[in-house]
$ cat input26.cif   # mmCIF, C-alpha atoms
data_target
loop_
_atom_site.label_atom_id
_atom_site.label_comp_id
_atom_site.auth_asym_id
_atom_site.auth_seq_id
_atom_site.Cartn_x
_atom_site.Cartn_y
_atom_site.Cartn_z
CA MET A 1 64.22 0.75 -17.29
CA GLY A 2 62.88 4.07 -16.00
CA GLN A 3 59.39 4.45 -14.62
CA LEU A 4 56.79 5.53 -17.16
CA LYS A 5 55.59 9.11 -16.88
CA PRO A 6 51.98 9.49 -15.67
CA GLN A 7 49.56 10.17 -18.51
CA LYS A 8 47.93 13.49 -17.69
CA ASN A 9 44.79 12.82 -19.72
CA VAL A 10 44.05 9.40 -18.18
CA TYR A 11 41.57 9.11 -15.30
CA ALA A 12 40.55 6.26 -12.99
CA VAL A 13 37.50 5.73 -10.80
CA ILE A 14 37.17 2.88 -8.33
CA ASP A 15 33.70 2.08 -6.97
CA LEU A 16 33.66 -0.09 -3.83
CA GLY A 17 30.09 -1.34 -4.11
CA SER A 18 28.27 -3.67 -1.77
CA ASN A 19 28.06 -6.45 -4.36
CA SER A 20 30.90 -5.70 -6.79
CA PHE A 21 34.05 -3.61 -6.91
CA HIS A 22 34.55 -1.77 -10.21
CA MET A 23 37.42 0.13 -11.76
CA LEU A 24 36.91 2.37 -14.77
CA ILE A 25 39.86 3.90 -16.64
CA ALA A 26 39.24 6.49 -19.35
CA LYS A 27 41.24 8.86 -21.51
CA SER A 28 40.14 12.41 -22.19
CA MET A 29 40.57 13.03 -25.90
CA ALA A 30 38.91 14.69 -28.88
CA GLY A 31 36.51 16.61 -26.61
CA GLY A 32 35.16 13.46 -24.97
CA LEU A 33 36.05 10.35 -23.00
CA GLN A 34 37.32 7.04 -24.34
CA THR A 35 37.11 4.04 -22.04
CA ILE A 36 40.45 2.20 -22.07
CA GLY A 37 39.92 -0.21 -19.18
CA ARG A 38 37.19 -1.80 -17.06
CA VAL A 39 37.69 -4.30 -14.25
CA LYS A 40 34.86 -5.81 -12.20
CA ARG A 41 35.06 -8.31 -9.36
CA LYS A 42 32.23 -9.86 -7.33
CA VAL A 43 33.23 -9.21 -3.74
CA ARG A 44 29.78 -9.32 -2.05
CA LEU A 45 31.01 -7.11 0.75
CA ALA A 46 27.48 -6.69 2.15
CA ALA A 47 27.25 -10.44 2.77
CA GLY A 48 29.83 -9.91 5.53
CA LEU A 49 27.55 -7.65 7.62
CA ASP A 50 26.08 -9.31 10.71
CA ASP A 51 22.95 -8.23 12.63
CA ASN A 52 25.00 -5.57 14.42
CA ASN A 53 26.47 -4.24 11.14
CA LEU A 54 29.91 -5.60 11.97
CA LEU A 55 31.80 -6.44 8.79
CA SER A 56 33.47 -9.86 8.90
CA LEU A 57 37.21 -10.29 8.42
CA GLU A 58 36.50 -12.76 5.62
CA ALA A 59 34.50 -10.17 3.65
CA MET A 60 37.15 -7.52 4.24
CA GLN A 61 39.83 -9.90 3.03
CA ARG A 62 37.92 -10.49 -0.22
CA GLY A 63 37.82 -6.74 -0.71
CA TRP A 64 41.52 -6.20 0.03
CA GLU A 65 42.53 -8.94 -2.39
CA CYS A 66 40.51 -7.28 -5.12
CA LEU A 67 42.03 -3.87 -4.37
CA ALA A 68 45.55 -5.31 -4.65
CA LEU A 69 44.65 -6.22 -8.24
CA PHE A 70 43.28 -2.73 -8.90
CA ALA A 71 46.38 -1.07 -7.41
CA GLU A 72 48.58 -2.50 -10.17
CA ARG A 73 46.56 -0.58 -12.78
CA LEU A 74 46.93 2.78 -11.01
CA GLN A 75 50.71 3.06 -11.25
CA ASP A 76 50.88 5.30 -14.33
CA ILE A 77 47.87 7.52 -13.57
CA PRO A 78 48.38 10.93 -11.89
CA THR A 79 47.23 11.00 -8.27
CA GLN A 80 44.90 13.93 -8.90
CA ASN A 81 43.17 11.93 -11.64
CA ILE A 82 42.18 9.06 -9.34
CA THR A 83 38.96 8.97 -7.28
CA ILE A 84 37.86 6.10 -5.04
CA VAL A 85 34.34 5.97 -3.63
CA ALA A 86 32.67 3.52 -1.26
CA THR A 87 28.94 3.12 -0.79
CA ALA A 88 26.27 1.50 1.39
CA THR A 89 28.15 -1.32 3.12
CA LEU A 90 30.93 0.95 4.32
CA ARG A 91 28.32 3.53 5.35
CA LEU A 92 26.67 0.87 7.52
CA ALA A 93 29.63 -1.10 8.88
CA THR A 94 30.57 -0.19 12.44
CA ASN A 95 34.15 -1.23 11.71
CA ALA A 96 34.36 0.46 8.30
CA GLU A 97 37.44 2.38 9.40
CA ASP A 98 39.38 -0.89 9.76
CA PHE A 99 38.62 -1.81 6.17
CA LYS A 100 39.29 1.72 4.94
CA LEU A 101 42.73 2.07 6.52
CA ARG A 102 44.01 -1.14 4.98
CA ALA A 103 42.38 -0.30 1.62
CA GLU A 104 44.15 3.07 1.54
CA GLU A 105 47.48 1.37 2.27
CA ILE A 106 46.95 -1.03 -0.64
CA LEU A 107 45.81 1.62 -3.12
CA GLY A 108 47.98 4.49 -1.96
CA HIS A 109 44.97 6.79 -2.26
CA LYS A 110 42.15 8.05 -0.04
CA VAL A 111 38.86 6.13 0.04
CA ASN A 112 35.82 8.41 0.18
CA VAL A 113 32.74 6.90 1.84
CA ILE A 114 29.95 8.92 0.24
CA SER A 115 26.46 9.56 1.60
CA GLY A 116 23.41 7.88 0.10
CA GLU A 117 22.13 11.18 -1.28
CA LEU A 118 25.46 12.00 -2.93
CA GLU A 119 25.54 8.50 -4.38
CA ALA A 120 22.06 8.99 -5.85
CA ARG A 121 22.95 12.38 -7.37
CA THR A 122 26.20 11.02 -8.80
CA ILE A 123 24.48 7.99 -10.33
CA TYR A 124 22.03 10.35 -12.02
CA LYS A 125 24.92 12.42 -13.38
CA GLY A 126 26.47 9.26 -14.85
CA VAL A 127 23.21 8.38 -16.57
CA ALA A 128 22.60 11.95 -17.77
CA HIS A 129 26.03 12.14 -19.40
CA THR A 130 25.49 8.88 -21.27
CA SER A 131 21.84 9.27 -22.36
CA SER A 132 19.99 11.69 -24.58
CA CYS A 133 16.82 12.21 -22.54
CA THR A 134 15.75 15.86 -22.69
CA GLY A 135 12.72 15.50 -20.41
CA ARG A 136 12.36 14.27 -16.85
CA GLN A 137 14.08 10.95 -16.28
CA LEU A 138 13.56 8.37 -13.54
CA VAL A 139 16.78 6.51 -12.72
CA ILE A 140 16.96 3.43 -10.51
CA ASP A 141 20.12 1.64 -9.37
CA ILE A 142 19.72 -1.54 -7.30
CA GLY A 143 22.96 -2.10 -5.43
CA GLY A 144 24.09 -4.74 -2.98
CA ALA A 145 22.91 -2.94 0.17
CA SER A 146 21.03 0.12 -1.09
CA THR A 147 18.84 1.22 -3.97
CA GLU A 148 19.01 4.73 -5.37
CA VAL A 149 15.90 6.30 -6.90
CA VAL A 150 16.27 9.64 -8.70
CA ILE A 151 14.21 11.94 -10.89
CA GLY A 152 16.15 14.57 -12.78
CA GLN A 153 16.22 16.69 -15.89
CA GLY A 154 19.26 17.58 -17.93
CA PHE A 155 22.26 17.16 -15.62
CA GLU A 156 20.36 18.09 -12.44
CA ALA A 157 18.92 15.56 -9.99
CA ARG A 158 15.74 17.02 -8.50
CA HIS A 159 14.36 14.19 -6.36
CA TYR A 160 16.83 11.68 -4.96
CA LYS A 161 16.67 9.00 -2.28
CA SER A 162 18.89 6.15 -1.18
CA LEU A 163 16.81 3.28 0.18
CA ASN A 164 18.11 0.56 2.52
CA ILE A 165 17.19 -2.34 0.24
CA GLY A 166 19.77 -4.22 -1.82
CA CYS A 167 20.22 -7.48 -3.71
CA VAL A 168 22.90 -8.88 -1.36
CA THR A 169 21.16 -7.95 1.90
CA PHE A 170 17.81 -9.26 0.57
CA LEU A 171 19.50 -12.47 -0.56
CA GLU A 172 20.74 -13.02 2.99
CA ARG A 173 17.38 -12.09 4.50
CA TYR A 174 14.75 -13.66 2.21
CA PHE A 175 16.56 -16.29 0.12
CA LYS A 176 19.09 -17.51 2.67
CA ASP A 177 17.82 -21.08 2.31
CA CYS A 178 18.38 -20.72 -1.47
CA GLN A 179 14.82 -21.95 -2.10
CA LEU A 180 12.82 -20.37 -4.93
CA ASN A 181 9.10 -20.26 -4.21
CA GLU A 182 6.17 -17.84 -4.03
CA ALA A 183 6.60 -17.36 -0.27
CA ASN A 184 10.24 -16.25 -0.50
CA PHE A 185 9.59 -13.96 -3.46
CA ASN A 186 6.46 -12.43 -1.99
CA ALA A 187 8.14 -11.77 1.37
CA ALA A 188 11.00 -9.97 -0.40
CA ILE A 189 8.63 -7.98 -2.63
CA LYS A 190 6.47 -6.96 0.33
CA ALA A 191 9.49 -5.83 2.37
CA ALA A 192 10.81 -3.76 -0.52
CA ARG A 193 7.38 -2.25 -1.17
CA ASN A 194 7.11 -1.14 2.44
CA VAL A 195 10.24 0.97 1.87
CA VAL A 196 9.41 2.23 -1.63
CA ASP A 197 5.81 3.12 -0.71
CA GLU A 198 7.16 5.86 1.58
CA ILE A 199 8.60 7.82 -1.37
CA ALA A 200 6.05 6.79 -4.02
CA PRO A 201 3.63 9.75 -3.63
CA GLU A 202 6.42 12.33 -4.09
CA TYR A 203 7.82 10.55 -7.13
CA LYS A 204 4.52 9.87 -8.86
CA THR A 205 3.52 13.51 -8.38
CA ALA A 206 6.81 14.67 -9.92
CA GLY A 207 6.41 12.33 -12.90
CA TRP A 208 8.88 11.40 -15.65
CA GLN A 209 9.01 10.79 -19.40
CA LEU A 210 11.65 8.05 -19.39
CA ALA A 211 12.63 5.38 -16.85
CA SER A 212 16.15 3.90 -16.88
CA GLY A 213 17.78 1.20 -14.80
CA ALA A 214 21.48 1.59 -14.03
CA SER A 215 22.02 -1.70 -12.22
CA GLY A 216 23.21 -5.20 -13.02
CA THR A 217 19.74 -6.51 -12.24
CA VAL A 218 18.19 -4.53 -15.11
CA GLN A 219 20.98 -5.60 -17.47
CA ALA A 220 20.55 -9.25 -16.48
CA ILE A 221 16.78 -9.13 -17.07
CA GLN A 222 17.32 -7.46 -20.43
CA GLU A 223 19.76 -10.21 -21.45
CA ILE A 224 17.21 -12.85 -20.44
CA MET A 225 14.52 -11.14 -22.52
CA VAL A 226 16.79 -10.95 -25.57
CA ALA A 227 17.54 -14.69 -25.18
CA GLN A 228 13.76 -15.25 -25.26
CA ASN A 229 13.40 -13.10 -28.42
CA LEU A 230 11.58 -10.33 -26.57
CA ASN A 231 12.26 -6.63 -27.02
CA GLU A 232 14.61 -4.95 -24.54
CA MET A 233 12.08 -2.79 -22.68
CA LEU A 234 11.21 -4.07 -19.19
CA THR A 235 7.56 -4.15 -18.13
CA LEU A 236 5.89 -5.45 -14.98
CA GLU A 237 4.26 -8.26 -16.95
CA LYS A 238 7.69 -9.43 -18.16
CA LEU A 239 9.09 -9.25 -14.61
CA TYR A 240 6.23 -11.42 -13.33
CA THR A 241 6.92 -13.94 -16.11
CA ILE A 242 10.62 -14.13 -15.25
CA LYS A 243 9.71 -14.52 -11.57
CA GLN A 244 7.56 -17.58 -12.39
CA GLN A 245 10.28 -18.98 -14.66
CA SER A 246 12.75 -18.62 -11.78
CA ILE A 247 10.47 -20.35 -9.27
CA ALA A 248 10.22 -23.34 -11.61
CA TYR A 249 13.91 -24.09 -10.91
CA LYS A 250 13.14 -24.58 -7.16
CA THR A 251 16.59 -23.48 -5.91
CA ILE A 252 19.12 -20.78 -6.74
CA ALA A 253 21.75 -23.46 -7.34
CA GLU A 254 19.59 -24.89 -10.14
CA LEU A 255 18.60 -21.51 -11.61
CA ASP A 256 19.58 -21.62 -15.28
CA LEU A 257 17.50 -19.09 -17.20
CA PRO A 258 18.68 -18.62 -20.82
CA GLY A 259 20.69 -15.42 -20.97
CA LEU A 260 21.45 -15.28 -17.22
CA SER A 261 25.19 -15.14 -16.57
CA GLU A 262 26.76 -17.31 -13.89
CA GLU A 263 28.24 -14.32 -12.05
CA ARG A 264 24.79 -12.73 -11.69
CA ARG A 265 22.88 -15.87 -10.72
CA LEU A 266 23.29 -15.71 -6.94
CA VAL A 267 21.83 -12.23 -6.42
CA PHE A 268 19.47 -12.25 -9.41
CA VAL A 269 16.24 -13.26 -7.66
CA SER A 270 16.67 -10.80 -4.80
CA GLY A 271 17.32 -7.99 -7.28
CA LEU A 272 14.30 -9.09 -9.32
CA ALA A 273 12.06 -8.96 -6.22
CA ILE A 274 13.21 -5.41 -5.45
CA LEU A 275 12.64 -4.33 -9.05
CA ILE A 276 9.10 -5.78 -9.03
CA ALA A 277 8.38 -3.78 -5.87
CA LEU A 278 9.67 -0.60 -7.53
CA PHE A 279 7.54 -1.18 -10.63
CA GLU A 280 4.44 -1.87 -8.53
CA SER A 281 4.84 0.98 -6.06
CA LEU A 282 5.96 3.69 -8.51
CA GLU A 283 3.64 2.39 -11.26
CA ILE A 284 6.46 2.23 -13.80
CA GLU A 285 5.13 1.33 -17.26
CA GLN A 286 8.43 0.42 -18.93
CA MET A 287 12.16 0.77 -18.35
CA GLY A 288 15.31 0.64 -20.46
CA LEU A 289 18.94 0.08 -19.53
CA ALA A 290 21.02 3.17 -18.70
CA GLY A 291 24.45 3.61 -20.26
CA GLY A 292 26.19 4.85 -17.12
CA ALA A 293 26.01 4.81 -13.34
CA LEU A 294 28.02 5.85 -10.27
CA ARG A 295 31.54 5.51 -11.70
CA GLU A 296 30.63 7.41 -14.87
CA GLY A 297 29.09 10.12 -12.69
CA VAL A 298 32.29 10.40 -10.65
CA LEU A 299 34.36 10.47 -13.84
CA TYR A 300 32.38 13.30 -15.42
CA SER A 301 32.53 15.21 -12.12
CA MET A 302 36.31 15.20 -12.53
CA LEU A 303 36.03 16.84 -15.96
CA PRO A 304 33.83 19.94 -15.67
CA GLU A 305 34.72 21.02 -19.23
CA LEU A 306 32.47 18.21 -20.50
CA HIS A 307 29.38 19.49 -18.68
CA ASN A 308 26.36 21.12 -20.30
CA THR A 309 27.14 20.07 -23.84
CA ASP A 310 25.10 18.19 -26.46
CA ILE A 311 26.04 14.61 -25.53
CA ARG A 312 25.24 13.11 -28.92
CA GLN A 313 27.19 15.75 -30.82
CA ARG A 314 30.06 15.39 -28.37
CA THR A 315 30.14 11.66 -29.15
CA VAL A 316 29.98 12.19 -32.91
CA ASP A 317 32.64 14.92 -32.83
CA GLY A 318 34.89 12.65 -30.79
CA PHE A 319 34.67 9.88 -33.41
CA MET A 320 35.27 12.31 -36.25
CA ASN A 321 38.36 13.80 -34.63
CA ARG A 322 39.76 10.44 -33.56
CA TYR A 323 39.39 8.83 -37.01
CA HIS A 324 40.27 11.94 -39.05
CA VAL A 325 36.95 12.16 -40.89
CA ASP A 326 36.67 14.64 -43.77
CA GLN A 327 34.27 16.99 -41.98
CA LYS A 328 33.19 18.87 -45.14
CA GLN A 329 32.29 15.60 -46.80
CA ALA A 330 30.45 14.45 -43.68
CA SER A 331 28.48 17.70 -43.65
CA ARG A 332 27.51 17.27 -47.31
CA VAL A 333 26.32 13.71 -46.73
CA SER A 334 24.39 14.78 -43.63
CA SER A 335 22.64 17.56 -45.56
CA LEU A 336 21.75 15.17 -48.39
CA VAL A 337 20.37 12.60 -45.94
CA ALA A 338 18.16 15.25 -44.33
CA LEU A 339 16.90 16.29 -47.78
CA LEU A 340 16.11 12.71 -48.79
CA ALA A 341 14.37 12.05 -45.46
CA ASN A 342 12.17 15.08 -46.08
CA GLU A 343 11.35 13.91 -49.60
CA VAL A 344 10.08 10.52 -48.40
CA SER A 345 8.41 11.83 -45.23
CA GLN A 346 4.92 11.38 -46.71
CA TYR A 347 5.54 7.64 -47.03
CA TRP A 348 8.09 7.08 -44.27
CA PRO A 349 7.68 9.30 -41.17
CA ILE A 350 11.35 9.16 -40.16
CA GLU A 351 11.20 12.37 -38.14
CA ALA A 352 8.12 11.24 -36.21
CA GLN A 353 9.99 8.03 -35.35
CA ASN A 354 12.96 10.06 -34.01
CA GLY A 355 15.11 8.66 -36.78
CA LEU A 356 16.71 11.90 -38.01
CA PRO A 357 19.32 12.13 -35.20
CA LEU A 358 20.41 8.56 -35.96
CA LEU A 359 20.64 9.20 -39.69
CA ASN A 360 22.59 12.39 -39.00
CA ALA A 361 25.05 10.45 -36.81
CA VAL A 362 25.57 7.74 -39.43
CA ALA A 363 25.98 10.34 -42.17
CA GLN A 364 28.79 12.00 -40.25
CA LEU A 365 30.46 8.74 -39.18
CA HIS A 366 29.96 6.38 -42.13
CA GLU A 367 33.54 6.85 -43.40
CA ILE A 368 35.53 6.35 -40.17
CA GLY A 369 36.50 2.91 -41.49
CA LEU A 370 38.53 4.59 -44.25
CA LEU A 371 41.31 4.98 -41.69
CA ILE A 372 41.77 1.20 -41.96
CA GLU A 373 41.19 0.59 -45.69
CA TYR A 374 38.89 1.62 -48.53
CA LYS A 375 37.67 -1.66 -50.01
CA GLN A 376 35.63 -2.80 -47.00
CA TYR A 377 35.48 0.50 -45.15
CA HIS A 378 31.75 0.19 -44.35
CA LYS A 379 32.43 -3.05 -42.46
CA HIS A 380 35.32 -1.47 -40.58
CA THR A 381 33.06 1.49 -39.72
CA ALA A 382 30.38 -0.85 -38.38
CA TYR A 383 32.94 -2.83 -36.37
CA ILE A 384 34.41 0.30 -34.76
CA LEU A 385 30.98 1.70 -33.90
CA GLU A 386 29.69 -1.62 -32.56
CA ASN A 387 32.65 -2.07 -30.24
CA THR A 388 32.89 1.50 -28.91
CA ASP A 389 30.64 3.19 -26.35
CA MET A 390 28.36 5.86 -27.81
CA PRO A 391 27.20 8.12 -24.94
CA GLY A 392 23.91 9.83 -25.75
CA PHE A 393 22.53 6.90 -27.76
CA SER A 394 20.55 4.05 -26.22
CA GLN A 395 21.51 0.44 -26.86
CA SER A 396 18.81 0.02 -29.50
CA GLU A 397 19.79 3.32 -31.19
CA HIS A 398 23.43 2.20 -31.13
CA LYS A 399 22.45 -1.03 -32.93
CA VAL A 400 20.48 0.90 -35.58
CA ILE A 401 23.48 3.15 -36.26
CA VAL A 402 25.74 0.10 -36.63
CA ALA A 403 23.27 -1.63 -38.97
CA ILE A 404 22.94 1.41 -41.26
CA ALA A 405 26.70 1.95 -41.36
CA ASN A 406 27.26 -1.70 -42.27
CA SER A 407 24.71 -1.72 -45.11
CA HIS A 408 24.98 1.79 -46.58
CA ARG A 409 26.84 0.55 -49.70
CA TRP A 410 24.08 -1.86 -50.70
CA ASP A 411 23.34 -1.66 -54.42
CA LEU A 412 19.55 -1.77 -54.70
CA SER A 413 19.61 -2.25 -58.46
CA LYS A 414 21.95 -5.25 -58.49
CA GLY A 415 21.35 -6.65 -54.98
CA MET A 416 25.02 -6.59 -54.17
CA LEU A 417 27.58 -4.40 -52.42
CA ARG A 418 29.53 -1.93 -54.53
CA SER A 419 31.90 0.99 -53.98
CA SER A 420 29.86 4.17 -54.32
CA ARG A 421 31.26 7.04 -52.25
CA CYS A 422 28.59 9.73 -51.85
CA THR A 423 29.71 13.13 -53.19
#
$ encode --input "input26.cif" --output "structure tokens"
Amino acid sequence: MGQLKPQKNVYAVIDLGSNSFHMLIAKSMAGGLQTIGRVKRKVRLAAGLDDNNLLSLEAMQRGWECLALFAERLQDIPTQNITIVATATLRLATNAEDFKLRAEEILGHKVNVISGELEARTIYKGVAHTSSCTGRQLVIDIGGASTEVVIGQGFEARHYKSLNIGCVTFLERYFKDCQLNEANFNAAIKAARNVVDEIAPEYKTAGWQLASGASGTVQAIQEIMVAQNLNEMLTLEKLYTIKQQSIAYKTIAELDLPGLSEERRLVFVSGLAILIALFESLEIEQMGLAGGALREGVLYSMLPELHNTDIRQRTVDGFMNRYHVDQKQASRVSSLVALLANEVSQYWPIEAQNGLPLLNAVAQLHEIGLLIEYKQYHKHTAYILENTDMPGFSQSEHKVIVAIANSHRWDLSKGMLRSSRCT
């Protein structure tokens, strides 16, 4: 059999992080990006750094083994469509070149060790391209050996710092005995605060309207809160509660918080301590989970034609093109929805609750399930939307869109579902 031709519209980004290695594969289509592959492996590269920043052979070997797996997925992707970036650990390691040379042999591509400032700006770009914030946005990404803190607006990062605090390095430094107690936590929080306090005046003066976390720590905390039937927004009070719940387990080996995944358990408490320090020092009131991070930022940097566009509309247009939606019908439904929302505004302030953009999205997308079949098309629509990324919409907004799509055929008069295509 002949070798498959490279797919010109397929792109790959590999992120050699200090805690995990990630590979993201996406296809450029219908004016947007469709994720077609994600691979993540816990490598904990930063755990191999000694006091002299020499990276151990054991840690390097873990990384090389992971890259051998990634290399198999790169075979059919054009060379110019592949970008590989490395972050804090390989910035710090005195023998980083040894790791890099072998990594490049395995992958057959150049590994770019990027600066902390470039990492921060790129993380912000990844968040900006997957969120709908129009004001100033604070973005925080707690990595294995560094933490990036950025304030930006639109697609531009305006204040950006990379701090030498990370969940793997803090695990080794403050939780090395694997004990969970007030002393360990407070030592880690104090150390992180000493670093964050240096940038706090600049950031608090700049201000922001929305705070987003782009790291696994924030996602893990959010999953714990959902398991405890709490809403998804992080607050300092909730972080303190989770800290006390963690201490009750005495050791990291015993840590078994509902909602906490096994792969996140080891570095969870160190990441939590850093996040508490960030909330305290920057006086963050609440934080949500970002939809993108470094690899998404690198990916969008490779596709300049996707810059400076309405992210939500780009997402909606992509769905409509991909699933061959009748755009005239979608426009009619969208106009009718806006009219009805206006009619009930006295009793139901949908616009004040920022609900119109979500209704508009559902109105344009509610029939994508017709590509599968008519009878249960609303369920197919909901399934497709639920299981596909929707850049520009937050997780909670995504869930609302799915719920409306799934229930839009409800017959209020009979209390049952019926076929009633809006015309």
$ atom_distance --input "input26.cif" --atom1 "atom CA of A:Asn231" --atom2 "atom CA of A:Cys133"
19.9 Å
$ residues_around --input "input26.cif" --residues "stretch 382-387 of chain A" --least-positions-apart "5" --cutoff "7 Å" --atoms "only C-alpha atoms" --output "count of residues only"
3
$ residues_around --input "input26.cif" --residues "stretch 352-368 of chain A" --least-positions-apart "5" --cutoff "9 Å" --atoms "all atoms listed in the file" --output "ChimeraX atom specification"
/A:312-313,316-317,319-320,322-327,329-338,341,377-378,380-382,384-385,393,397-398,400-402,404-406,408
$ resolve_selection --input "input26.cif" --expression "the PyMOL selection byres ((chain A and resi 94) around 6)" --output "number ranges by chain"
A: 53-54, 93, 95-96
$ residues_around --input "input26.cif" --residues "A:Lys8" --least-positions-apart "4" --cutoff "10 Å" --atoms "only C-alpha atoms" --output "ChimeraX atom specification"
/A:27-28,76-81
$ resolve_selection --input "input26.cif" --expression "the PyMOL selection byres ((chain A and resi 175) around 10)" --output "list in words"
Val168, Thr169, Phe170, Leu171, Glu172, Arg173, Tyr174, Lys176, Asp177, Cys178, Gln179, Leu180, Asn181, Asn184, Phe185, Ala187, Ala188, Thr251, Ile252, Leu266, Val267, Val269 and Ser270 of chain A
$ closest_residue --input "input26.cif" --among "A:Ser281, A:Asn342, A:Ser20, A:Gln219" --to "A:Gln395" --atoms "all atoms listed in the file"
A:Gln219
$ atom_distance --input "input26.cif" --atom1 "atom CA of A:Ile123" --atom2 "atom CA of A:Glu148"
8.1 Å
$ resolve_selection --input "input26.cif" --expression "the PyMOL selection byres ((chain A and resi 213) around 9)" --output "mmCIF file with C-alpha atoms, in the coordinates of the input"
data_model
loop_
_atom_site.group_PDB
_atom_site.id
_atom_site.type_symbol
_atom_site.label_atom_id
_atom_site.label_comp_id
_atom_site.auth_asym_id
_atom_site.auth_seq_id
_atom_site.Cartn_x
_atom_site.Cartn_y
_atom_site.Cartn_z
ATOM 1 C CA LEU A 138 13.560 8.370 -13.540
ATOM 2 C CA VAL A 139 16.780 6.510 -12.720
ATOM 3 C CA ILE A 140 16.960 3.430 -10.510
ATOM 4 C CA ASP A 141 20.120 1.640 -9.370
ATOM 5 C CA ILE A 142 19.720 -1.540 -7.300
ATOM 6 C CA ALA A 211 12.630 5.380 -16.850
ATOM 7 C CA SER A 212 16.150 3.900 -16.880
ATOM 8 C CA ALA A 214 21.480 1.590 -14.030
ATOM 9 C CA SER A 215 22.020 -1.700 -12.220
ATOM 10 C CA GLY A 216 23.210 -5.200 -13.020
ATOM 11 C CA THR A 217 19.740 -6.510 -12.240
ATOM 12 C CA VAL A 218 18.190 -4.530 -15.110
ATOM 13 C CA GLN A 219 20.980 -5.600 -17.470
ATOM 14 C CA MET A 287 12.160 0.770 -18.350
ATOM 15 C CA GLY A 288 15.310 0.640 -20.460
ATOM 16 C CA LEU A 289 18.940 0.080 -19.530
ATOM 17 C CA ALA A 290 21.020 3.170 -18.700
ATOM 18 C CA GLY A 291 24.450 3.610 -20.260
#
$ atom_distance --input "input26.cif" --atom1 "atom CA of A:Ala157" --atom2 "atom CA of A:Ser132"
15.1 Å
$ closest_residue --input "input26.cif" --among "A:Arg121, A:His109, A:Gln228, A:Glu283" --to "A:Ala71" --atoms "all atoms listed in the file"
A:His109
$ axis_aligned_box --input "input26.cif" --around "stretch 25-29 of chain A" --padding-each-side "6 Å" --output "JSON"
{"center_x": 40.2, "center_y": 8.5, "center_z": -21.3, "size_x": 14.0, "size_y": 21.1, "size_z": 21.3}
$ closest_residue --input "input26.cif" --among "A:Thr315, A:Gln61, A:Thr235, A:Ser115" --to "A:Pro391" --atoms "all atoms listed in the file"
A:Thr315
$ residues_around --input "input26.cif" --residues "A:Ala206" --least-positions-apart "4" --cutoff "9 Å" --atoms "all atoms listed in the file" --output "PyMOL selection string"
chain A and resi 136+151+159+201-202
$ closest_residue --input "input26.cif" --among "A:Glu263, A:Glu182, A:Glu285, A:Glu280" --to "A:Gln244" --atoms "only C-alpha atoms"
A:Glu182
$ residues_around --input "input26.cif" --residues "A:Ile274" --least-positions-apart "6" --cutoff "8 Å" --atoms "all atoms listed in the file" --output "PyMOL selection string"
chain A and resi 142+165-167+188-189+192-193
$ closest_residue --input "input26.cif" --among "A:Trp208, A:Phe155, A:Trp348, A:Phe268" --to "A:Gly143" --atoms "only C-alpha atoms"
A:Phe268
